[in-house]
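Novice: You'll find my_file14.cif just under this line, and it carries mmCIF, C-alpha atoms.
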```
data_query
loop_
_atom_site.label_atom_id
_atom_site.label_comp_id
_atom_site.auth_asym_id
_atom_site.auth_seq_id
_atom_site.Cartn_x
_atom_site.Cartn_y
_atom_site.Cartn_z
CA MET A 1 137.69 238.23 133.28
CA MET A 2 139.20 239.07 136.62
CA LEU A 3 142.96 238.63 136.77
CA ASP A 4 144.30 236.86 139.78
CA ILE A 5 146.75 239.56 140.78
CA TYR A 6 147.81 237.72 143.90
CA ASP A 7 148.84 234.77 141.77
CA PHE A 8 150.97 237.12 139.66
CA TYR A 9 152.41 238.73 142.74
CA ASP A 10 153.17 235.42 144.40
CA LYS A 11 154.99 234.04 141.37
CA MET A 12 157.03 237.20 141.03
CA GLU A 13 157.80 237.22 144.72
CA ARG A 14 158.96 233.61 144.69
CA ASN A 15 161.23 234.32 141.73
CA ASN A 16 162.45 237.48 143.42
CA ILE A 17 161.63 239.68 140.45
CA MET A 18 163.16 243.14 140.89
CA LEU A 19 161.61 244.74 137.85
CA SER A 20 159.32 243.68 135.06
CA PHE A 21 157.67 245.33 132.10
CA LYS A 22 155.28 244.36 129.34
CA GLY A 23 154.51 246.63 126.41
CA ASP A 24 156.02 248.66 123.61
CA ILE A 25 159.78 249.13 123.97
CA THR A 26 160.81 252.74 123.40
CA SER A 27 164.13 254.50 123.80
CA GLU A 28 162.75 256.54 126.75
CA LEU A 29 161.56 253.35 128.45
CA LEU A 30 165.02 251.81 128.15
CA THR A 31 166.57 254.91 129.68
CA SER A 32 164.18 254.67 132.65
CA ILE A 33 164.63 250.93 133.16
CA LEU A 34 168.41 251.31 133.08
CA GLN A 35 168.28 254.17 135.60
CA ILE A 36 166.03 252.18 137.96
CA MET A 37 168.18 249.05 137.68
CA GLU A 38 171.36 251.00 138.24
CA SER A 39 170.08 252.44 141.50
CA LYS A 40 168.76 249.03 142.58
CA LEU A 41 172.18 247.50 141.95
CA ASP A 42 173.74 250.33 143.95
CA ASN A 43 171.31 249.75 146.82
CA LEU A 44 172.16 246.06 146.85
CA GLN A 45 175.79 247.14 147.19
CA GLU A 46 176.88 244.74 144.50
CA GLU A 47 180.57 244.51 143.75
CA PRO A 48 181.43 246.89 140.89
CA LYS A 49 182.42 243.89 138.80
CA ILE A 50 179.00 242.20 139.11
CA LYS A 51 177.18 245.48 138.78
CA LYS A 52 178.91 246.22 135.48
CA LYS A 53 178.30 242.76 134.11
CA VAL A 54 174.60 242.84 134.94
CA TYR A 55 174.24 246.36 133.55
CA ASN A 56 176.08 245.52 130.33
CA VAL A 57 174.08 242.36 129.69
CA LEU A 58 170.87 244.21 130.51
CA VAL A 59 171.68 246.89 127.93
CA GLU A 60 172.22 244.24 125.25
CA CYS A 61 169.04 242.32 126.13
CA LEU A 62 166.88 245.45 126.14
CA GLN A 63 168.37 246.86 122.97
CA ASN A 64 167.80 243.51 121.25
CA LEU A 65 164.12 243.91 122.06
CA TYR A 66 164.15 247.53 120.93
CA HIS A 67 165.80 246.88 117.55
CA HIS A 68 163.63 243.87 117.00
CA MET A 69 160.34 245.78 117.32
CA ASP A 70 160.55 247.53 113.96
CA GLU A 71 161.41 244.29 112.23
CA VAL A 72 158.25 242.47 113.28
CA ALA A 73 155.86 245.41 113.23
CA PRO A 74 156.86 248.75 111.75
CA GLU A 75 153.44 250.19 112.54
CA GLN A 76 152.71 251.62 115.95
CA ASN A 77 150.02 250.30 118.28
CA ASP A 78 150.32 246.81 116.99
CA LYS A 79 149.83 244.09 119.59
CA ILE A 80 152.86 242.20 118.34
CA ARG A 81 155.10 245.20 119.02
CA SER A 82 154.67 244.33 122.65
CA ALA A 83 157.47 242.53 124.49
CA ILE A 84 158.10 241.32 128.02
CA PHE A 85 161.12 241.81 130.20
CA MET A 86 161.95 240.66 133.74
CA ILE A 87 164.98 240.77 135.95
CA GLY A 88 165.30 238.94 139.24
CA LYS A 89 167.91 237.71 141.66
CA LEU A 90 167.68 234.24 143.17
CA ASP A 91 170.42 232.47 145.13
CA ASN A 92 173.08 235.00 144.16
CA GLN A 93 172.27 234.61 140.49
CA TYR A 94 170.73 237.29 138.31
CA ASN A 95 168.13 236.16 135.78
CA ILE A 96 167.18 238.32 132.85
CA ILE A 97 164.21 237.07 130.87
CA THR A 98 162.97 238.63 127.65
CA GLY A 99 160.12 237.58 125.38
CA ASN A 100 159.03 238.90 122.01
CA TYR A 101 157.20 237.91 118.86
CA ILE A 102 159.24 236.74 115.92
CA LYS A 103 158.12 235.89 112.39
CA ASN A 104 158.01 232.14 111.83
CA GLU A 105 160.22 232.48 108.75
CA ASN A 106 163.00 233.91 110.96
CA VAL A 107 162.88 231.23 113.66
CA ALA A 108 165.18 228.71 111.98
CA GLY A 109 167.87 231.32 111.27
CA LEU A 110 167.92 232.74 114.78
CA LYS A 111 167.80 229.26 116.34
CA LYS A 112 170.80 228.19 114.28
CA ARG A 113 172.73 231.33 115.25
CA LEU A 114 172.08 230.80 118.97
CA GLU A 115 172.92 227.10 118.77
CA ASP A 116 176.17 227.91 116.99
CA ILE A 117 177.11 230.43 119.69
CA ASN A 118 176.37 227.81 122.35
CA LEU A 119 178.88 225.40 120.77
CA LEU A 120 181.78 227.81 121.23
CA THR A 121 184.31 227.85 124.04
CA LYS A 122 185.37 231.08 125.79
CA GLU A 123 188.38 231.50 123.50
CA GLU A 124 186.36 230.73 120.38
CA LEU A 125 183.73 233.28 121.42
CA LYS A 126 186.47 235.91 121.70
CA GLU A 127 187.73 235.11 118.20
CA TYR A 128 184.22 235.01 116.78
CA TYR A 129 183.41 238.37 118.36
CA LYS A 130 186.50 239.95 116.83
CA ALA A 131 185.73 238.44 113.42
CA VAL A 132 182.14 239.76 113.41
CA LEU A 133 183.29 243.13 114.78
CA ASN A 134 185.89 243.52 112.06
CA ASN A 135 184.14 241.99 109.05
CA GLY A 136 180.47 241.85 109.88
CA GLU A 137 178.04 244.05 108.12
CA MET A 138 176.45 246.68 110.26
CA SER A 139 172.69 246.94 110.21
CA LEU A 140 171.36 250.47 109.82
CA LYS A 141 170.59 250.65 113.50
CA GLY A 142 173.99 249.36 114.43
CA GLY A 143 173.15 245.94 115.84
CA GLY A 144 175.46 244.01 113.61
CA GLY A 145 174.84 240.64 115.27
CA LEU A 146 177.30 241.20 118.11
CA GLY A 147 174.76 241.35 120.93
CA MET A 148 174.21 237.63 121.51
CA ILE A 149 177.92 236.83 121.19
CA ASP A 150 178.67 239.56 123.72
CA ILE A 151 176.04 238.23 126.16
CA ALA A 152 177.45 234.69 125.90
CA ARG A 153 180.97 236.01 126.39
CA LYS A 154 180.21 238.23 129.37
CA THR A 155 178.03 235.73 131.25
CA GLY A 156 180.18 232.67 130.48
CA GLU A 157 176.91 230.70 130.27
CA LYS A 158 175.05 229.01 127.43
CA LEU A 159 172.20 231.03 125.95
CA ASN A 160 168.95 229.53 127.20
CA PHE A 161 166.14 230.09 124.70
CA ASN A 162 162.79 228.85 123.48
CA PHE A 163 160.48 229.39 120.51
CA ALA A 164 156.77 228.86 121.17
CA PRO A 165 154.55 228.71 118.06
CA VAL A 166 151.71 231.27 118.26
CA ASP A 167 149.95 231.11 114.87
CA ASN A 168 150.73 230.83 111.15
CA THR A 169 152.73 234.04 111.17
CA PHE A 170 154.36 234.36 114.58
CA SER A 171 156.22 232.52 117.28
CA PHE A 172 157.12 233.82 120.72
CA PHE A 173 160.85 233.92 121.41
CA THR A 174 162.05 233.69 125.01
CA LEU A 175 165.60 234.27 126.16
CA ASN A 176 166.68 233.48 129.71
CA ILE A 177 170.08 234.84 130.67
CA LYS A 178 171.82 233.86 133.88
CA ILE A 179 174.58 235.89 135.48
CA SER A 180 176.30 234.14 138.36
CA GLN A 181 178.39 235.83 140.98
CA MET B 1 193.05 275.56 115.66
CA GLU B 2 189.85 274.49 117.23
CA THR B 3 188.41 272.33 119.94
CA ILE B 4 185.33 270.40 119.06
CA SER B 5 183.23 268.85 121.76
CA ILE B 6 180.05 266.91 122.39
CA GLU B 7 178.51 267.05 125.84
CA GLY B 8 177.83 263.67 127.45
CA THR B 9 174.37 262.28 128.32
CA PRO B 10 173.34 259.18 130.35
CA LYS B 11 173.59 257.18 127.12
CA THR B 12 176.38 258.93 125.22
CA PRO B 13 179.96 259.92 126.09
CA THR B 14 181.61 263.32 126.30
CA ILE B 15 183.85 263.82 123.28
CA THR B 16 186.63 266.41 123.20
CA PHE B 17 188.81 266.83 120.16
CA ASN B 18 191.54 269.48 120.17
CA THR B 19 192.85 269.52 116.64
CA GLY B 20 195.55 272.06 117.62
CA SER B 21 197.22 269.77 120.14
CA GLY B 22 196.19 266.50 118.54
CA PHE B 23 194.24 265.34 121.57
CA LEU B 24 191.03 263.31 121.40
CA GLU B 25 189.10 262.04 124.39
CA ILE B 26 186.00 259.85 124.58
CA LYS B 27 184.77 259.57 128.14
CA GLY B 28 181.67 258.26 129.89
CA ARG B 29 179.03 255.83 128.64
CA SER B 30 178.32 254.82 125.12
CA ILE B 31 175.04 252.92 125.05
CA PRO B 32 172.82 254.72 122.50
CA GLU B 33 170.32 252.71 120.46
CA ASN B 34 171.57 254.42 117.32
CA SER B 35 175.34 254.67 117.54
CA ILE B 36 176.00 255.39 113.87
CA GLU B 37 174.16 258.68 114.11
CA PHE B 38 176.01 259.59 117.30
CA TYR B 39 179.53 258.82 116.03
CA LYS B 40 179.09 260.32 112.56
CA PRO B 41 180.34 263.85 113.49
CA LEU B 42 183.47 262.41 115.13
CA VAL B 43 184.24 260.25 112.11
CA ASP B 44 183.81 263.35 109.90
CA TRP B 45 186.12 265.47 112.09
CA LEU B 46 188.78 262.77 111.96
CA GLU B 47 188.47 262.68 108.21
CA LYS B 48 189.19 266.43 108.08
CA TYR B 49 191.97 266.16 110.66
CA ALA B 50 193.63 263.40 108.62
CA ALA B 51 194.38 265.88 105.85
CA LYS B 52 196.56 267.98 108.19
CA PRO B 53 197.29 266.13 111.44
CA GLN B 54 199.63 267.17 114.26
CA PRO B 55 203.00 265.32 114.55
CA THR B 56 201.53 263.32 117.44
CA THR B 57 197.93 262.40 118.17
CA ASN B 58 196.98 261.25 121.65
CA VAL B 59 193.71 259.47 122.15
CA ASN B 60 192.13 258.78 125.53
CA ILE B 61 189.34 256.26 125.69
CA GLN B 62 187.78 256.14 129.13
CA LEU B 63 184.47 254.34 128.93
CA GLU B 64 182.47 253.03 131.84
CA TYR B 65 180.06 251.10 129.61
CA PHE B 66 179.66 250.60 125.90
CA ASN B 67 177.15 248.53 123.96
CA THR B 68 177.82 246.30 120.97
CA SER B 69 176.21 248.87 118.69
CA SER B 70 178.90 251.37 119.78
CA SER B 71 181.68 248.82 119.46
CA LYS B 72 181.40 248.91 115.65
CA CYS B 73 181.51 252.69 115.60
CA ILE B 74 184.49 252.77 117.95
CA LEU B 75 186.23 250.42 115.53
CA ASP B 76 185.45 252.87 112.69
CA VAL B 77 187.00 255.67 114.75
CA PHE B 78 190.09 253.51 115.36
CA LYS B 79 190.33 252.70 111.65
CA LYS B 80 190.44 256.43 110.92
CA LEU B 81 193.20 256.76 113.54
CA GLU B 82 195.06 253.87 111.94
CA ALA B 83 195.05 255.77 108.64
CA ILE B 84 196.22 258.95 110.42
CA ASN B 85 199.04 256.96 112.05
CA LYS B 86 200.06 255.62 108.65
CA GLY B 87 199.87 259.12 107.21
CA GLY B 88 202.64 260.48 109.43
CA SER B 89 201.12 261.50 112.78
CA LYS B 90 202.31 259.34 115.68
CA VAL B 91 199.06 258.04 117.18
CA THR B 92 198.74 256.47 120.64
CA ILE B 93 195.48 255.08 121.97
CA ASN B 94 195.28 255.08 125.76
CA TRP B 95 192.60 252.55 126.69
CA HIS B 96 191.42 253.09 130.27
CA TYR B 97 189.79 250.39 132.36
CA GLU B 98 188.85 250.18 136.00
CA GLU B 99 190.92 247.97 138.25
CA ASP B 100 188.63 244.93 138.38
CA ASP B 101 186.87 245.42 135.04
CA GLU B 102 188.25 242.48 133.08
CA ASP B 103 185.57 242.83 130.42
CA MET B 104 186.72 246.38 129.62
CA LEU B 105 190.37 245.31 129.54
CA GLU B 106 189.50 242.44 127.19
CA ALA B 107 187.54 244.80 124.96
CA GLY B 108 190.64 246.97 124.67
CA GLU B 109 192.75 243.96 123.81
CA ASP B 110 190.25 242.99 121.11
CA TYR B 111 190.77 246.36 119.42
CA GLN B 112 194.50 246.18 119.95
CA ALA B 113 194.52 242.88 118.03
CA ILE B 114 192.59 244.38 115.11
CA ILE B 115 194.02 247.90 114.82
CA ASN B 116 197.61 248.64 113.84
CA VAL B 117 198.19 251.55 116.25
CA PRO B 118 200.14 251.47 119.55
CA PHE B 119 197.76 250.88 122.48
CA LYS B 120 198.47 251.65 126.10
CA MET B 121 196.31 249.87 128.67
CA VAL B 122 195.79 252.27 131.57
CA GLN B 123 194.38 250.96 134.80
CA VAL B 124 192.35 253.47 136.80
CA GLU B 125 191.29 253.32 140.45
CA GLU B 126 187.57 253.02 141.05
#
```
Would you mind writing the structure in this file as structure tokens?

Specialist:
Amino acid sequence: MMLDIYDFYDKMERNNIMLSFKGDITSELLTSILQIMESKLDNLQEEPKIKKKVYNVLVECLQNLYHHMDEVAPEQNDKIRSAIFMIGKLDNQYNIITGNYIKNENVAGLKKRLEDINLLTKEELKEYYKAVLNNGEMSLKGGGGLGMIDIARKTGEKLNFNFAPVDNTFSFFTLNIKISQ
Amino acid sequence: METISIEGTPKTPTITFNTGSGFLEIKGRSIPENSIEFYKPLVDWLEKYAAKPQPTTNVNIQLEYFNTSSSKCILDVFKKLEAINKGGSKVTINWHYEEDDEDMLEAGEDYQAIINVPFKMVQVEE
């Protein structure tokens, strides 16, 4: 099968994608992506305030993917370890899109958590963050469930997500984060 | 008396702890994937220091970025400082934030609300 690369290119161009990646998420990869994005944000001469917000949210999104990998597939070279990540800027709004496999049995729990976060006001998010920070259990890798709350808090937007069923074991989870100027 | 330090990297901050003068500084970025591992030595040093602290302990936190994984560990560090403060050393946490970085200021206020140690919010020029 011949991929229509121009079709890919055209779609990415129209969505003004600055960087995208598909594959296994490693610590070294995250370091590189963050370095590239930091220099791109510098080149765009973004206000420090916007630059920091985008960078912070990007770190949380990418580390979500990273920590998630071992949960779905502890073994290396597994197709389902693969994830997708894109960042683009359209009409003065940054869009960060991530996609990864998730076990079907975990869909309901994550969906509920995201929906609950979306019900909260700015003030409530602040209180919730503090409560989880102070009382929440810390996972071995340090996630601790703060990432999504932090993203919602920093962007001031609802979390936009989707679960697409893949087969009896997996669904594909997509998160689309908007950061407005 | 000794000075303990950890050199910063693109993902981890520079940490300086002078147990002789009671000065601790965490400066730079704190965005490692595994924060618990990174902060463990500092938490251990504070534990030792708590047994024989200086009359005053000054703490400078000057972070450009930190991830949510670090935020838990930073809280653990502050909890150790809270115990040191209770144990007789006068602890002050100087939380630095850049002029227009409201998120960083808010993060400091979050800790201030949780931890029973005097905080000073210090605005720095960019």

Novice: Selected by the PyMOL selection byres ((chain A and resi 131) around 12) in the shown coordinates: which residues, as JSON, numbers by chain?

Specialist: {"A": [124, 125, 126, 127, 128, 129, 130, 132, 133, 134, 135, 136, 137, 144, 145, 146, 149], "B": [72, 110, 111, 113, 114]}

Novice: Enter the distance from CA of Ile26 in chain B to CA of Leu58 in chain A, in Å, rounded to one decimal.

Specialist: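 Between CA of Ile26 in chain B and CA of Leu58 in chain A the gap works out to 22.6 Å.
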
Novice: Out of B:Ile6, B:Ala50, B:Ala83, B:Met104, which residue has the shortest atom-to-atom distance to Phe38 in chain B when counting all atoms listed in the file?

Specialist: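 Answer, going by the shortest atom-to-atom distance: B:Ile6.
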
Novice: With a distance threshold of 9 Å and counting all atoms listed in the file, extract the residues of chain A near chain B and express them as a ChimeraX atom specification.

Specialist: /A:27,31,35,48-49,52-53,55-57,59-60,63,66-67,126-127,129-130,133-134,138,140-147,150,154

Novice: As a PyMOL selection string, please: the residues near Thr155 in chain A (cut-off 10 Å, all atoms listed in the file, same-chain neighbours under 4 positions excluded).

Specialist: chain A and resi 53-54+57+150-151+159+177-181

Novice: Can you tell me how far CA of Ile84 in chain A sits from CA of Leu119 in chain A, in Å to one decimal?

Specialist: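 Between CA of Ile84 in chain A and CA of Leu119 in chain A the gap works out to 27.2 Å.
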
Novice: Work out how far CA of Lys86 in chain B is from CA of Thr19 in chain B, in Å to one decimal.

Specialist: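 Between these atoms lies a distance of 17.6 Å.
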
Novice: Could you pull out every residue with an atom within 6 Å of (176.3, 228.8, 130.6), file coordinates, counting only C-alpha atoms, and send them as a list in words?

Specialist: Gly156, Glu157 and Lys158 of chain A

Novice: Identify all residues satisfying the PyMOL selection byres ((chain B and resi 80) around 10) in the given file; provide them as a list in words.

Specialist: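 Here the PyMOL selection byres ((chain B and resi 80) around 10) matches Val43, Asp44, Leu46, Glu47, Tyr49, Ala50, Ile74, Leu75, Asp76, Val77, Phe78, Lys79, Leu81, Glu82, Ala83, Ile84, Asn85 and Lys86 of chain B.
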